[in-house]
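Undergrad: Quick one, target11.csv (CSV, C-alpha atoms and all ligand atoms):
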```
chain,number,residue,atom,x,y,z
A,5,MET,CA,0.0,0.0,0.0
A,6,LYS,CA,1.2,3.5,-0.9
A,7,ASN,CA,0.6,6.4,1.5
A,8,ILE,CA,-0.9,9.6,0.1
A,9,VAL,CA,-1.1,12.9,2.0
A,10,ILE,CA,-3.4,15.6,0.6
A,11,LEU,CA,-3.0,19.3,1.3
A,12,ILE,CA,-6.0,21.6,0.9
A,13,SER,CA,-7.0,25.2,1.7
A,14,GLY,CA,-10.7,25.3,0.8
A,15,THR,CA,-13.6,23.3,-0.5
A,16,GLY,CA,-11.6,20.2,-1.2
A,17,SER,CA,-13.7,19.0,-4.1
A,18,ASN,CA,-10.5,17.7,-5.9
A,19,MET,CA,-9.5,15.9,-2.7
A,20,GLU,CA,-13.0,14.3,-2.5
A,21,ALA,CA,-12.7,13.2,-6.1
A,22,ILE,CA,-9.4,11.5,-5.4
A,23,VAL,CA,-10.7,9.9,-2.1
A,24,ARG,CA,-13.8,8.5,-4.0
A,25,ALA,CA,-11.7,7.2,-6.9
A,26,ALA,CA,-9.3,5.5,-4.6
A,27,ALA,CA,-12.1,3.7,-2.8
A,28,ASN,CA,-14.2,2.9,-5.9
A,29,GLU,CA,-11.3,1.7,-8.0
A,30,ARG,CA,-9.6,0.0,-5.1
A,31,TRP,CA,-6.2,1.7,-5.5
A,32,PRO,CA,-3.4,0.0,-3.6
A,33,ALA,CA,-3.2,3.3,-1.6
A,34,THR,CA,-4.3,4.8,1.6
A,35,ILE,CA,-5.2,8.5,2.1
A,36,ALA,CA,-3.2,8.8,5.3
A,37,ALA,CA,-4.1,12.4,6.1
A,38,VAL,CA,-5.7,15.6,4.8
A,39,ILE,CA,-3.9,18.7,6.1
A,40,SER,CA,-5.2,22.3,5.7
A,41,ASN,CA,-3.5,25.6,6.3
A,42,ARG,CA,-6.9,27.1,7.0
A,43,ARG,CA,-8.9,26.1,10.0
A,44,ASP,CA,-12.2,27.0,8.2
A,45,ALA,CA,-11.5,24.9,5.1
A,46,PRO,CA,-14.8,23.1,4.4
A,47,GLY,CA,-12.8,20.2,2.9
A,48,LEU,CA,-11.7,19.2,6.5
A,49,LYS,CA,-15.3,18.1,7.3
A,50,THR,CA,-15.6,16.3,4.0
A,51,ALA,CA,-12.4,14.4,4.6
A,52,ALA,CA,-13.5,13.5,8.2
A,53,SER,CA,-16.8,12.2,6.8
A,54,TYR,CA,-14.7,9.6,4.9
A,55,GLY,CA,-12.9,8.6,8.1
A,56,ILE,CA,-9.7,10.3,7.0
A,57,PRO,CA,-7.5,11.9,9.8
A,58,THR,CA,-7.5,15.7,9.3
A,59,PHE,CA,-5.1,18.3,10.7
A,60,VAL,CA,-4.7,22.0,10.6
A,61,ILE,CA,-1.4,23.8,10.4
A,62,SER,CA,-2.2,27.4,10.2
A,63,HIS,CA,0.3,29.5,8.4
A,64,GLN,CA,-0.8,32.5,10.5
A,65,GLU,CA,0.8,30.9,13.6
A,66,PHE,CA,4.3,30.9,12.1
A,67,PRO,CA,6.7,33.9,11.9
A,68,THR,CA,8.1,33.0,8.5
A,69,ARG,CA,7.3,31.0,5.4
A,70,GLU,CA,10.3,28.7,6.2
A,71,ALA,CA,9.0,28.0,9.7
A,72,PHE,CA,5.5,27.1,8.4
A,73,ASP,CA,6.9,24.9,5.7
A,74,GLN,CA,9.2,23.2,8.2
A,75,ALA,CA,6.2,22.4,10.5
A,76,LEU,CA,4.1,21.3,7.6
A,77,GLN,CA,6.9,19.0,6.4
A,78,GLU,CA,7.3,17.4,9.8
A,79,LYS,CA,3.6,16.7,9.9
A,80,ILE,CA,3.5,15.3,6.4
A,81,ASP,CA,6.6,13.1,7.0
A,82,SER,CA,5.1,11.6,10.1
A,83,PHE,CA,2.8,9.7,7.6
A,84,VAL,CA,5.8,8.5,5.5
A,85,PRO,CA,4.1,9.5,2.3
A,86,ASP,CA,4.9,8.1,-1.1
A,87,LEU,CA,3.0,11.0,-2.6
A,88,VAL,CA,1.9,14.5,-1.6
A,89,VAL,CA,-1.1,15.9,-3.4
A,90,LEU,CA,-1.8,19.6,-3.5
A,91,ALA,CA,-5.5,20.0,-4.0
A,92,GLY,CA,-6.4,23.6,-4.0
A,93,PHE,CA,-3.5,24.3,-1.5
A,94,LEU,CA,-3.1,28.0,-2.0
A,95,ARG,CA,0.4,28.6,-0.6
A,96,ILE,CA,3.6,29.5,-2.2
A,97,LEU,CA,6.1,26.9,-1.1
A,98,THR,CA,9.8,27.4,-0.2
A,99,ALA,CA,12.4,25.8,-2.4
A,100,GLY,CA,13.6,23.5,0.4
A,101,PHE,CA,10.1,22.1,0.9
A,102,VAL,CA,9.6,21.5,-2.8
A,103,GLU,CA,13.1,19.9,-3.1
A,104,HIS,CA,12.3,17.6,-0.2
A,105,TYR,CA,9.3,16.2,-2.2
A,106,ALA,CA,10.9,16.3,-5.6
A,107,GLY,CA,9.3,13.7,-7.9
A,108,ARG,CA,6.6,12.9,-5.4
A,109,MET,CA,4.4,16.0,-5.1
A,110,LEU,CA,1.6,16.8,-7.6
A,111,ASN,CA,-0.5,19.9,-8.1
A,112,ILE,CA,-3.5,20.8,-10.2
A,113,HIS,CA,-3.7,24.3,-11.7
A,114,PRO,CA,-6.9,25.8,-13.2
A,115,SER,CA,-5.4,26.7,-16.6
A,116,LEU,CA,-3.7,25.2,-19.6
A,117,LEU,CA,-0.2,25.8,-18.4
A,118,PRO,CA,2.1,27.4,-19.4
A,119,SER,CA,-0.7,30.0,-19.9
A,120,PHE,CA,-2.1,31.8,-16.8
A,121,THR,CA,0.2,30.8,-14.0
A,122,GLY,CA,-0.7,32.2,-10.6
A,123,LEU,CA,-4.1,33.5,-9.5
A,124,ASN,CA,-7.4,34.5,-11.1
A,125,THR,CA,-6.9,32.2,-14.1
A,126,HIS,CA,-10.5,32.2,-15.2
A,127,ARG,CA,-10.8,36.0,-15.1
A,128,ARG,CA,-7.6,36.3,-17.1
A,129,ALA,CA,-8.7,33.7,-19.7
A,130,LEU,CA,-12.0,35.7,-20.2
A,131,ASP,CA,-10.1,39.0,-20.4
A,132,THR,CA,-7.6,37.6,-22.9
A,133,GLY,CA,-10.3,36.2,-25.2
A,134,VAL,CA,-8.9,32.7,-25.5
A,135,LYS,CA,-11.4,30.2,-27.0
A,136,VAL,CA,-10.2,27.2,-25.0
A,137,HIS,CA,-9.2,27.0,-21.4
A,138,GLY,CA,-8.7,24.1,-18.9
A,139,ALA,CA,-6.7,22.6,-16.2
A,140,THR,CA,-3.3,21.0,-15.8
A,141,VAL,CA,-1.9,18.3,-13.4
A,142,HIS,CA,1.9,18.6,-13.0
A,143,PHE,CA,4.8,17.7,-10.8
A,144,VAL,CA,5.7,20.5,-8.4
A,145,THR,CA,9.1,22.2,-8.9
A,146,ALA,CA,10.6,25.3,-7.4
A,147,GLU,CA,9.2,27.6,-10.1
A,148,LEU,CA,5.5,28.3,-9.5
A,149,ASP,CA,3.2,26.3,-11.8
A,150,HIS,CA,6.1,25.2,-14.0
A,151,GLY,CA,6.7,21.5,-13.3
A,152,PRO,CA,6.6,18.7,-15.8
A,153,ILE,CA,3.0,18.3,-17.1
A,154,ILE,CA,1.2,15.0,-16.5
A,155,SER,CA,-2.2,15.7,-18.1
A,156,GLN,CA,-4.4,18.5,-19.2
A,157,ALA,CA,-8.1,18.9,-19.9
A,158,VAL,CA,-9.5,21.4,-22.4
A,159,VAL,CA,-12.9,23.1,-22.2
A,160,PRO,CA,-14.4,25.7,-24.6
A,161,VAL,CA,-14.8,29.3,-23.5
A,162,LEU,CA,-18.4,30.2,-24.4
A,163,GLU,CA,-19.6,33.6,-25.6
A,164,ASN,CA,-21.6,34.4,-22.5
A,165,ASP,CA,-19.3,32.8,-19.9
A,166,THR,CA,-18.8,34.4,-16.5
A,167,GLU,CA,-15.8,33.6,-14.3
A,168,GLU,CA,-18.2,31.3,-12.3
A,169,THR,CA,-19.6,29.3,-15.3
A,170,LEU,CA,-16.1,28.9,-16.7
A,171,ALA,CA,-14.6,27.9,-13.4
A,172,ALA,CA,-17.4,25.3,-12.9
A,173,ARG,CA,-16.8,23.8,-16.4
A,174,VAL,CA,-13.0,23.5,-15.6
A,175,LEU,CA,-13.6,22.1,-12.2
A,176,GLN,CA,-15.7,19.3,-13.6
A,177,GLN,CA,-12.8,18.3,-15.7
A,178,GLU,CA,-10.3,18.6,-12.8
A,179,HIS,CA,-12.3,15.9,-11.0
A,180,ILE,CA,-11.6,13.6,-13.9
A,181,ILE,CA,-7.9,14.3,-14.7
A,182,TYR,CA,-6.6,14.6,-11.1
A,183,PRO,CA,-7.7,11.2,-9.8
A,184,HIS,CA,-6.5,9.6,-13.0
A,185,ALA,CA,-3.0,11.3,-12.7
A,186,VAL,CA,-2.7,10.2,-9.0
A,187,HIS,CA,-3.8,6.7,-9.9
A,188,CYS,CA,-1.1,6.6,-12.6
A,189,PHE,CA,1.5,7.7,-10.1
A,190,ILE,CA,0.4,5.1,-7.5
A,191,GLU,CA,0.7,2.4,-10.2
A,192,GLY,CA,4.2,3.5,-11.0
A,193,LYS,CA,3.3,4.6,-14.5
A,194,LEU,CA,4.7,8.1,-14.6
A,195,LYS,CA,8.3,8.5,-15.8
A,196,ILE,CA,10.0,11.9,-16.1
A,197,GLU,CA,12.6,12.2,-18.8
A,198,ASN,CA,14.2,15.5,-19.8
A,199,GLY,CA,11.5,17.4,-18.0
A,200,ARG,CA,8.7,15.6,-19.8
A,201,VAL,CA,6.3,13.1,-18.3
A,202,HIS,CA,5.6,9.8,-20.1
A,203,ILE,CA,2.8,7.5,-19.0
A,204,VAL,CA,4.2,4.0,-19.3
A,205,GLU,CA,2.8,0.5,-18.6
A,206,LYS,CA,4.2,-1.1,-15.5
A,207,ASP,CA,7.5,-2.9,-16.0
A,208,TYR,CA,7.1,-6.4,-14.4
A,209,SER,CA,10.6,-7.6,-15.5
B,1,LIG,C1,-9.2,24.2,-8.0
B,1,LIG,O1,-9.9,24.8,-9.1
B,1,LIG,C2,-7.8,24.1,-8.2
B,1,LIG,O2,-7.4,23.9,-9.6
B,1,LIG,C3,-7.3,25.5,-7.8
B,1,LIG,O3,-8.1,25.7,-6.6
B,1,LIG,C4,-9.4,25.0,-6.8
B,1,LIG,C5,-9.6,24.2,-5.5
B,1,LIG,O4,-10.9,23.6,-5.5
B,1,LIG,N1,-5.9,25.5,-7.5
B,1,LIG,C6,-5.1,26.6,-7.7
B,1,LIG,O5,-5.6,27.6,-8.0
B,1,LIG,C7,-3.7,26.4,-7.4
B,1,LIG,N2,-2.9,27.4,-7.9
B,1,LIG,P1,-11.2,22.5,-4.5
B,1,LIG,O6,-10.7,22.9,-3.1
B,1,LIG,O7,-12.7,22.3,-4.6
B,1,LIG,O8,-10.4,21.3,-5.0
```
Kindly present the structure from the file in structure tokens form.
TA:
Amino acid sequence: MKNIVILISGTGSNMEAIVRAAANERWPATIAAVISNRRDAPGLKTAASYGIPTFVISHQEFPTREAFDQALQEKIDSFVPDLVVLAGFLRILTAGFVEHYAGRMLNIHPSLLPSFTGLNTHRRALDTGVKVHGATVHFVTAELDHGPIISQAVVPVLENDTEETLAARVLQQEHIIYPHAVHCFIEGKLKIENGRVHIVEKDYS
């Protein structure tokens, strides 16, 4: 069994999609913990309703970004994770933290990277007038929203879209591609070569 630790800051709908897929598809994996940096994150209750241990490590209680990341790392490592999943975890991470989980930390970003890194991706997609938008699952590296891409989902941008309607269309796709990418990782199917991710069948030799 592989251990997965999921980090959230809010609703946790991606976390829930992963938890459900893991159970329904009988992944050889345990969601060992869900950790939030916000005490009021609704996803904490959702995780608890599935019987998953939940924890809060509030960034507000630490004097520096480094001190927070250190405490977070200690908590995560107490579960001996094979994989750390950022699921709407809205914190910029220190280079040391990212390095510690190199090759075993995934993120989902609500845009077709490398377009629209950072915040307010749906607003910026509408303002720019792009005709397609989407979401990207990628390995986390030190540069924000720039790690090797595992998978992407594309949605149309419709004439009368608002930020909300576009976000909802993207989120629906996130709930499909993120569990799939996590499953591939757990099955040992993701290989990184020259900064590119290949999805390979398992090597039983
Ligand atoms: C998702 O849309 C995710 O892509 C985004 O936050 C939302 C979290 O929703 N993440 C980022 O913007 C990271 N830069 P959720 O809490 O319901 O999963």
Undergrad: Using only C-alpha atoms and all ligand atoms, which residues of the polymer chains come no farther than 6 Å from ligand LIG 1 (chain B)? I'd like the answer as a VMD selection string.
TA: chain A and resid 14 to 19 91 to 92 94 112 to 114 122 175
Undergrad: Quick one: distance from CA of Thr166 (chain A) to CA of Glu178 (chain A) in Å, one decimal?
TA: 18.3 Å
Undergrad: May I ask which of the residues A:Ala71, A:Gln64, A:Tyr54, A:Arg200 is the closest one to Ala27 (chain A), counting all atoms listed in the file?
TA: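 The shortest atom-to-atom distance to Ala27 (chain A) comes from A:Tyr54.
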Undergrad: Excluding Asn111 (chain A) and residues on its chain fewer than 2 positions from it, collect all residues at most 9 Å away from it, counting all atoms listed in the file, and give them as an MDAnalysis selection string.
TA: chainID A and resid 88:93 109 113 140:144 149 182
Undergrad: Rounded to one decimal in Å, what is the spacing between CA of Ile35 (chain A) and CA of Lys193 (chain A)?
TA: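 Interatomic distance here is 19.1 Å.
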Undergrad: One decimal, Å: what's the distance from CA of Cys188 (chain A) over to CA of Ala45 (chain A), could you say?
TA: 27.5 Å
Undergrad: Show which residues sit within 12 Å of Ala172 (chain A), as a list of chain:residue names. Count all atoms listed in the file, and ignore same-chain residues fewer than 2 positions away.
TA: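 Result of the neighbour search: A:Ser17, A:Pro114, A:His126, A:His137, A:Gly138, A:Ala139, A:Val159, A:Val161, A:Asp165, A:Thr166, A:Glu167, A:Glu168, A:Thr169, A:Leu170, A:Val174, A:Leu175, A:Gln176, A:Gln177, A:Glu178, A:His179.
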Undergrad: Which one of A:Ser40, A:Thr34, A:Thr121, A:Thr50 sits closest to Ala21 (chain A) if you count all atoms listed in the file?
TA: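 Checking each of A:Ser40, A:Thr34, A:Thr121, A:Thr50 against Ala21 (chain A), counting all atoms listed in the file, the winner is A:Thr50.
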Undergrad: Which neighbours of Ala99 (chain A) fall inside 10 Å, counting all atoms listed in the file, when residues of the same chain fewer than 2 positions from it are skipped, and could you give them as an MDAnalysis selection string?
TA: chainID A and resid 70 73 96:97 101:104 145:147
Undergrad: May I ask which of the residues A:Val201, A:Val84, A:Val134, A:Val60 is the closest one to Phe189 (chain A), counting all atoms listed in the file?
TA: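 Counting all atoms listed in the file, the residue closest to Phe189 (chain A) is A:Val201.
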Undergrad: For a quick check of understanding, using all atoms listed in the file, which of A:Leu148, A:Thr58, A:Phe72, A:Ala171 has the smallest distance to Asn124 (chain A)?
TA: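 Nearest to Asn124 (chain A): A:Ala171.
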Undergrad: Report as a PyMOL selection string all protein, DNA and RNA residues lying within 12 Å of Ile196 (chain A), evaluated on all atoms listed in the file, omitting residues in the same chain fewer than 2 positions from it.
TA: chain A and resi 106-108+142-143+151-154+189+192-194+198-204
